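Below is the file entry11.cif, which contains mmCIF, C-alpha atoms, pLDDT in the B column; chains and numbers go by the auth columns.
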data_target
loop_
_atom_site.group_PDB
_atom_site.id
_atom_site.type_symbol
_atom_site.label_atom_id
_atom_site.label_comp_id
_atom_site.label_asym_id
_atom_site.label_seq_id
_atom_site.Cartn_x
_atom_site.Cartn_y
_atom_site.Cartn_z
_atom_site.B_iso_or_equiv
_atom_site.auth_seq_id
_atom_site.auth_asym_id
ATOM 1 C CA MET A 1 -169.609 -213.859 -87.632 87.00 10 A
ATOM 2 C CA SER A 2 -166.336 -213.280 -89.427 91.00 11 A
ATOM 3 C CA LEU A 3 -163.989 -210.349 -88.833 89.00 12 A
ATOM 4 C CA ARG A 4 -161.295 -209.495 -91.372 89.00 13 A
ATOM 5 C CA VAL A 5 -158.653 -206.785 -90.832 86.00 14 A
ATOM 6 C CA ALA A 6 -155.738 -206.212 -93.198 83.00 15 A
ATOM 7 C CA ASP A 7 -153.223 -203.479 -93.903 79.00 16 A
ATOM 8 C CA GLU A 8 -154.610 -200.756 -96.207 77.00 17 A
ATOM 9 C CA GLN A 9 -157.926 -202.580 -96.706 79.00 18 A
ATOM 10 C CA ILE A 10 -161.418 -201.899 -95.442 78.00 19 A
ATOM 11 C CA SER A 11 -162.105 -203.972 -92.339 79.00 20 A
ATOM 12 C CA THR A 12 -165.140 -206.222 -92.727 82.00 21 A
ATOM 13 C CA ILE A 13 -167.538 -207.984 -90.412 84.00 22 A
ATOM 14 C CA SER A 14 -169.957 -210.448 -91.977 87.00 23 A
ATOM 15 C CA PHE A 15 -172.825 -212.326 -90.391 81.00 24 A
ATOM 16 C CA GLU A 16 -174.762 -215.443 -91.308 77.00 25 A
ATOM 17 C CA GLY A 17 -178.033 -216.239 -89.603 71.00 26 A
ATOM 18 C CA GLN A 18 -180.286 -219.222 -88.984 66.00 27 A
ATOM 19 C CA ALA A 19 -183.958 -218.759 -88.133 64.00 28 A
ATOM 20 C CA LEU A 20 -187.205 -220.697 -88.038 66.00 29 A
ATOM 21 C CA ASN A 21 -189.291 -218.044 -89.801 61.00 30 A
ATOM 22 C CA THR A 22 -189.227 -214.408 -90.731 55.00 31 A
ATOM 23 C CA ALA A 23 -192.395 -213.278 -88.964 57.00 32 A
ATOM 24 C CA ARG A 24 -192.051 -209.979 -87.140 55.00 33 A
ATOM 25 C CA GLY A 25 -193.891 -209.330 -83.905 60.00 34 A
ATOM 26 C CA THR A 26 -193.948 -207.031 -80.935 63.00 35 A
ATOM 27 C CA SER A 27 -192.181 -207.481 -77.634 61.00 36 A
ATOM 28 C CA ALA A 28 -191.897 -205.814 -74.264 62.00 37 A
ATOM 29 C CA TYR A 29 -188.816 -204.023 -75.610 57.00 38 A
ATOM 30 C CA GLY A 30 -190.566 -202.155 -78.402 57.00 39 A
ATOM 31 C CA GLN A 31 -192.469 -202.440 -81.634 59.00 40 A
ATOM 32 C CA ALA A 32 -190.000 -200.771 -83.961 63.00 41 A
ATOM 33 C CA TYR A 33 -186.333 -200.948 -84.767 62.00 42 A
ATOM 34 C CA ASP A 34 -184.026 -197.960 -84.641 68.00 43 A
ATOM 35 C CA PRO A 35 -182.183 -197.405 -87.911 71.00 44 A
ATOM 36 C CA ALA A 36 -178.477 -198.167 -87.900 71.00 45 A
ATOM 37 C CA THR A 37 -176.154 -195.235 -87.323 72.00 46 A
ATOM 38 C CA ASP A 38 -173.794 -194.554 -90.214 74.00 47 A
ATOM 39 C CA HIS A 39 -170.088 -194.385 -89.385 66.00 48 A
ATOM 40 C CA GLU A 40 -167.014 -193.985 -91.516 66.00 49 A
ATOM 41 C CA SER A 41 -165.448 -197.139 -92.958 66.00 50 A
ATOM 42 C CA MET A 42 -162.734 -198.620 -90.805 63.00 51 A
ATOM 43 C CA THR A 43 -159.574 -198.800 -92.861 56.00 52 A
ATOM 44 C CA SER A 44 -156.206 -199.845 -91.472 52.00 53 A
ATOM 45 C CA THR A 45 -153.977 -196.998 -92.583 52.00 54 A
ATOM 46 C CA GLY A 46 -150.777 -198.634 -91.368 54.00 55 A
ATOM 47 C CA VAL A 47 -149.654 -201.991 -90.062 51.00 56 A
ATOM 48 C CA PRO A 48 -152.184 -202.845 -87.325 60.00 57 A
ATOM 49 C CA THR A 49 -150.586 -203.255 -83.920 65.00 58 A
ATOM 50 C CA ILE A 50 -151.925 -206.177 -81.921 82.00 59 A
ATOM 51 C CA LEU A 51 -151.316 -207.413 -78.399 85.00 60 A
ATOM 52 C CA ILE A 52 -150.491 -211.102 -78.308 89.00 61 A
ATOM 53 C CA GLY A 53 -149.706 -212.495 -74.877 87.00 62 A
ATOM 54 C CA ASN A 54 -149.377 -208.881 -73.613 85.00 63 A
ATOM 55 C CA ALA A 55 -146.596 -208.102 -76.123 89.00 64 A
ATOM 56 C CA VAL A 56 -147.012 -205.762 -79.102 87.00 65 A
ATOM 57 C CA TYR A 57 -146.816 -207.368 -82.550 87.00 66 A
ATOM 58 C CA GLU A 58 -147.123 -205.673 -85.907 86.00 67 A
ATOM 59 C CA ALA A 59 -149.556 -207.596 -88.087 87.00 68 A
ATOM 60 C CA THR A 60 -150.256 -207.504 -91.796 87.00 69 A
ATOM 61 C CA ASP A 61 -153.651 -209.184 -91.503 90.00 70 A
ATOM 62 C CA CYS A 62 -155.938 -210.939 -89.058 92.00 71 A
ATOM 63 C CA THR A 63 -159.107 -213.021 -89.411 94.00 72 A
ATOM 64 C CA VAL A 64 -161.365 -214.183 -86.589 95.00 73 A
ATOM 65 C CA ASP A 65 -164.360 -216.475 -87.074 95.00 74 A
ATOM 66 C CA PHE A 66 -167.160 -217.058 -84.562 92.00 75 A
ATOM 67 C CA ASP A 67 -169.256 -220.192 -85.124 89.00 76 A
ATOM 68 C CA SER A 68 -172.253 -220.814 -82.855 82.00 77 A
ATOM 69 C CA ARG A 69 -172.956 -224.154 -84.560 77.00 78 A
ATOM 70 C CA ILE A 70 -176.664 -223.307 -84.898 77.00 79 A
ATOM 71 C CA VAL A 71 -178.226 -225.422 -87.642 77.00 80 A
ATOM 72 C CA GLY A 72 -181.847 -225.774 -88.731 79.00 81 A
ATOM 73 C CA ARG A 73 -183.399 -229.195 -88.044 80.00 82 A
ATOM 74 C CA ARG A 74 -185.528 -230.375 -90.929 78.00 83 A
ATOM 75 C CA ARG A 75 -187.978 -233.245 -91.073 79.00 84 A
ATOM 76 C CA ILE A 76 -190.205 -234.949 -93.629 84.00 85 A
ATOM 77 C CA GLY A 77 -193.514 -233.247 -94.331 80.00 86 A
ATOM 78 C CA THR A 78 -192.592 -229.742 -93.191 75.00 87 A
ATOM 79 C CA GLU A 79 -191.511 -226.652 -95.027 75.00 88 A
ATOM 80 C CA GLY A 80 -188.371 -225.173 -93.536 74.00 89 A
ATOM 81 C CA PRO A 81 -186.716 -226.109 -90.268 76.00 90 A
ATOM 82 C CA GLY A 82 -188.895 -227.150 -87.333 75.00 91 A
ATOM 83 C CA SER A 83 -186.319 -226.274 -84.682 77.00 92 A
ATOM 84 C CA LEU A 84 -182.725 -225.130 -84.313 77.00 93 A
ATOM 85 C CA ARG A 85 -179.888 -227.241 -83.004 76.00 94 A
ATOM 86 C CA ARG A 86 -177.602 -225.338 -80.657 74.00 95 A
ATOM 87 C CA GLY A 87 -173.921 -226.049 -80.394 74.00 96 A
ATOM 88 C CA ARG A 88 -170.825 -224.896 -78.593 78.00 97 A
ATOM 89 C CA MET A 89 -169.400 -221.520 -79.566 81.00 98 A
ATOM 90 C CA ARG A 90 -166.128 -221.878 -81.438 92.00 99 A
ATOM 91 C CA VAL A 91 -163.733 -218.972 -82.008 95.00 100 A
ATOM 92 C CA THR A 92 -160.901 -219.550 -84.495 97.00 101 A
ATOM 93 C CA GLY A 93 -158.625 -217.377 -86.565 97.00 102 A
ATOM 94 C CA THR A 94 -155.327 -216.670 -88.225 97.00 103 A
ATOM 95 C CA ILE A 95 -152.913 -213.782 -87.844 95.00 104 A
ATOM 96 C CA ASN A 96 -149.815 -212.895 -89.851 93.00 105 A
ATOM 97 C CA VAL A 97 -147.193 -210.939 -87.910 91.00 106 A
ATOM 98 C CA TYR A 98 -143.656 -209.770 -88.451 90.00 107 A
ATOM 99 C CA LEU A 99 -141.402 -212.328 -86.778 88.00 108 A
ATOM 100 C CA ASP A 100 -139.559 -210.226 -84.199 85.00 109 A
ATOM 101 C CA ALA A 101 -139.532 -212.840 -81.423 87.00 110 A
ATOM 102 C CA TRP A 102 -140.020 -216.591 -81.059 89.00 111 A
ATOM 103 C CA THR A 103 -142.238 -216.324 -77.960 92.00 112 A
ATOM 104 C CA GLU A 104 -145.519 -217.348 -79.611 93.00 113 A
ATOM 105 C CA ILE A 105 -143.824 -220.068 -81.692 93.00 114 A
ATOM 106 C CA ASP A 106 -142.424 -221.479 -78.430 94.00 115 A
ATOM 107 C CA LYS A 107 -145.912 -221.330 -76.854 94.00 116 A
ATOM 108 C CA HIS A 108 -147.269 -223.339 -79.794 95.00 117 A
ATOM 109 C CA GLU A 109 -144.588 -225.997 -79.397 95.00 118 A
ATOM 110 C CA ALA A 110 -145.201 -226.204 -75.628 96.00 119 A
ATOM 111 C CA GLY A 111 -149.013 -226.178 -75.959 95.00 120 A
ATOM 112 C CA SER A 112 -149.178 -223.112 -73.708 95.00 121 A
ATOM 113 C CA VAL A 113 -152.002 -220.566 -73.710 95.00 122 A
ATOM 114 C CA SER A 114 -151.740 -217.046 -75.048 95.00 123 A
ATOM 115 C CA SER A 115 -154.140 -214.126 -75.553 94.00 124 A
ATOM 116 C CA LEU A 116 -155.088 -211.655 -78.291 93.00 125 A
ATOM 117 C CA VAL A 117 -156.337 -208.057 -78.293 91.00 126 A
ATOM 118 C CA LEU A 118 -157.145 -206.297 -81.563 88.00 127 A
ATOM 119 C CA GLY A 119 -158.085 -202.603 -81.490 82.00 128 A
ATOM 120 C CA MET A 120 -159.479 -200.592 -84.392 79.00 129 A
ATOM 121 C CA GLU A 121 -160.463 -196.939 -84.766 76.00 130 A
ATOM 122 C CA SER A 122 -162.499 -195.280 -87.496 73.00 131 A
ATOM 123 C CA SER A 123 -161.615 -191.914 -88.976 71.00 132 A
ATOM 124 C CA ASP A 124 -164.525 -190.308 -87.060 72.00 133 A
ATOM 125 C CA GLY A 125 -163.121 -191.503 -83.702 74.00 134 A
ATOM 126 C CA TYR A 126 -165.265 -194.552 -82.974 75.00 135 A
ATOM 127 C CA ALA A 127 -163.222 -197.464 -81.679 78.00 136 A
ATOM 128 C CA TYR A 128 -163.778 -201.199 -81.350 80.00 137 A
ATOM 129 C CA SER A 129 -161.761 -203.915 -79.714 84.00 138 A
ATOM 130 C CA LEU A 130 -161.820 -207.680 -79.780 89.00 139 A
ATOM 131 C CA SER A 131 -160.287 -209.508 -76.841 91.00 140 A
ATOM 132 C CA ILE A 132 -159.670 -213.254 -76.664 94.00 141 A
ATOM 133 C CA PRO A 133 -158.281 -213.720 -73.141 94.00 142 A
ATOM 134 C CA GLU A 134 -157.268 -217.363 -73.629 95.00 143 A
ATOM 135 C CA LEU A 135 -156.296 -219.120 -76.840 96.00 144 A
ATOM 136 C CA ARG A 136 -154.041 -221.889 -78.037 96.00 145 A
ATOM 137 C CA TRP A 137 -152.090 -221.786 -81.256 97.00 146 A
ATOM 138 C CA THR A 138 -153.272 -224.660 -83.466 97.00 147 A
ATOM 139 C CA GLN A 139 -150.630 -224.026 -86.096 96.00 148 A
ATOM 140 C CA ALA A 140 -147.522 -221.857 -86.234 94.00 149 A
ATOM 141 C CA MET A 141 -145.431 -221.392 -89.361 93.00 150 A
ATOM 142 C CA THR A 142 -142.492 -219.123 -90.045 91.00 151 A
ATOM 143 C CA ASP A 143 -141.441 -217.661 -93.361 83.00 152 A
ATOM 144 C CA THR A 144 -137.800 -216.622 -93.318 81.00 153 A
ATOM 145 C CA GLU A 145 -136.710 -216.061 -96.888 78.00 154 A
ATOM 146 C CA GLY A 146 -133.225 -214.745 -96.282 80.00 155 A
ATOM 147 C CA PRO A 147 -131.203 -211.550 -96.036 85.00 156 A
ATOM 148 C CA ASP A 148 -132.820 -208.183 -96.832 85.00 157 A
ATOM 149 C CA LEU A 149 -136.351 -209.636 -96.542 83.00 158 A
ATOM 150 C CA ASP A 150 -138.846 -209.508 -93.682 87.00 159 A
ATOM 151 C CA ASP A 151 -139.482 -212.635 -91.630 90.00 160 A
ATOM 152 C CA PHE A 152 -143.115 -213.523 -90.880 91.00 161 A
ATOM 153 C CA ALA A 153 -145.021 -215.837 -88.565 93.00 162 A
ATOM 154 C CA ARG A 154 -148.439 -217.200 -89.543 95.00 163 A
ATOM 155 C CA LEU A 155 -150.314 -218.207 -86.395 96.00 164 A
ATOM 156 C CA SER A 156 -153.674 -220.022 -86.351 97.00 165 A
ATOM 157 C CA PHE A 157 -155.602 -220.274 -83.107 97.00 166 A
ATOM 158 C CA GLN A 158 -158.671 -221.514 -81.293 97.00 167 A
ATOM 159 C CA GLY A 159 -160.143 -219.543 -78.413 96.00 168 A
ATOM 160 C CA GLU A 160 -160.823 -221.301 -75.122 95.00 169 A
ATOM 161 C CA LEU A 161 -163.174 -220.494 -72.274 93.00 170 A
ATOM 162 C CA ASP A 162 -161.290 -218.270 -69.843 92.00 171 A
ATOM 163 C CA ALA A 163 -162.095 -219.567 -66.348 92.00 172 A
ATOM 164 C CA THR A 164 -161.421 -216.209 -64.675 92.00 173 A
ATOM 165 C CA GLU A 165 -163.629 -214.093 -66.954 90.00 174 A
ATOM 166 C CA GLY A 166 -166.079 -216.842 -67.976 91.00 175 A
ATOM 167 C CA ILE A 167 -165.850 -215.844 -71.660 91.00 176 A
ATOM 168 C CA THR A 168 -164.140 -216.941 -74.840 93.00 177 A
ATOM 169 C CA ALA A 169 -164.175 -213.526 -76.542 93.00 178 A
ATOM 170 C CA ARG A 170 -165.255 -209.952 -75.815 92.00 179 A
ATOM 171 C CA TRP A 171 -166.323 -207.329 -78.387 88.00 180 A
ATOM 172 C CA GLN A 172 -166.338 -203.717 -77.146 87.00 181 A
ATOM 173 C CA SER A 173 -167.235 -200.429 -78.800 83.00 182 A
ATOM 174 C CA PHE A 174 -166.267 -196.952 -77.684 80.00 183 A
ATOM 175 C CA ALA A 175 -168.016 -193.751 -78.760 78.00 184 A
ATOM 176 C CA ALA A 176 -166.066 -190.887 -80.261 62.00 185 A
#
Would you mind writing the structure in this file as structure tokens?
Amino acid sequence: MSLRVADEQISTISFEGQALNTARGTSAYGQAYDPATDHESMTSTGVPTILIGNAVYEATDCTVDFDSRIVGRRRIGTEGPGSLRRGRMRVTGTINVYLDAWTEIDKHEAGSVSSLVLGMESSDGYAYSLSIPELRWTQAMTDTEGPDLDDFARLSFQGELDATEGITARWQSFAA
């Protein structure tokens, strides 16, 4: 899954799937699927505000990628994959923020952990949040072009398993 949020753009979530076949069957949970509920598009109407290490940062854009490392296993004499290889979940991403403090740059240099919370709300009041309680910055760059121009930090990260919560990331939705 990939999540993309940027100033004055429609936020997107895209999925890629791996499966052994496309047969549809019944289960103890039901024989039919409920249709998806339509909601308004989620557009960032201003600079998204994001919590990084419990401090507020103003971001211009953010991407988060979730990779489950599932891959189809193929073998000679069969059509399609015969099984699926499972892997470790990997959460990575990049965020561009206005450089108002050096705190996260210092954390990158020290190899210290940080955290990320991204909240979004649609025009009809539905809200979603992504929380990564423990991450490490894999790359941190600053762009300071001089007087009368904004300074930016481009921070790339990898999520880590948070020992306290037992998760790498949490996706939450809130009804209007």
* Evaluate the PyMOL selection byres ((chain A and resi 71) around 10) here and jot the selected residues down as a list in words. => Leu12, Arg13, Val14, Ala15, Asp16, Ser20, Pro57, Ile59, Ala68, Thr69, Asp70, Thr72, Val73, Gly102, Thr103, Ile104, Asn105, Val106, Leu127, Arg163, Leu164 and Ser165 of chain A
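The gap separating CA of Thr21 in chain A from CA of Gln181 in chain A is 15.8 Å, in Å to one decimal.
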* Distance in Å - CA of Ser77 in chain A versus CA of Gly89 in chain A ->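 Straight-line distance from CA of Ser77 in chain A to CA of Gly89 in chain A works out to 19.8 Å.
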* Using only C-alpha atoms, which of the listed residues (A:Phe161, A:Phe166, A:Trp111, A:Tyr137) sits closest to Ser124 in chain A? ->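 Ranked by minimum distance to Ser124 in chain A, first place goes to A:Phe166.
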* Given only C-alpha atoms as the counted atoms, nearest of A:Leu108, A:Met10, A:Leu144, A:Val100 to Ser121 in chain A ->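 With only C-alpha atoms as the atom set, the closest residue is A:Leu144.
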* Write out as JSON, numbers by chain the residues lying within 8 Å of Ile141 in chain A, counting only C-alpha atoms and excluding same-chain residues fewer than 5 positions away. => {"A": [124, 125, 126, 168, 177, 178, 179]}
* Give me the result of the PyMOL selection byres ((chain A and resi 82) around 6) on this file, residue by residue, as a VMD selection string. => chain A and resid 81 83 90 to 93
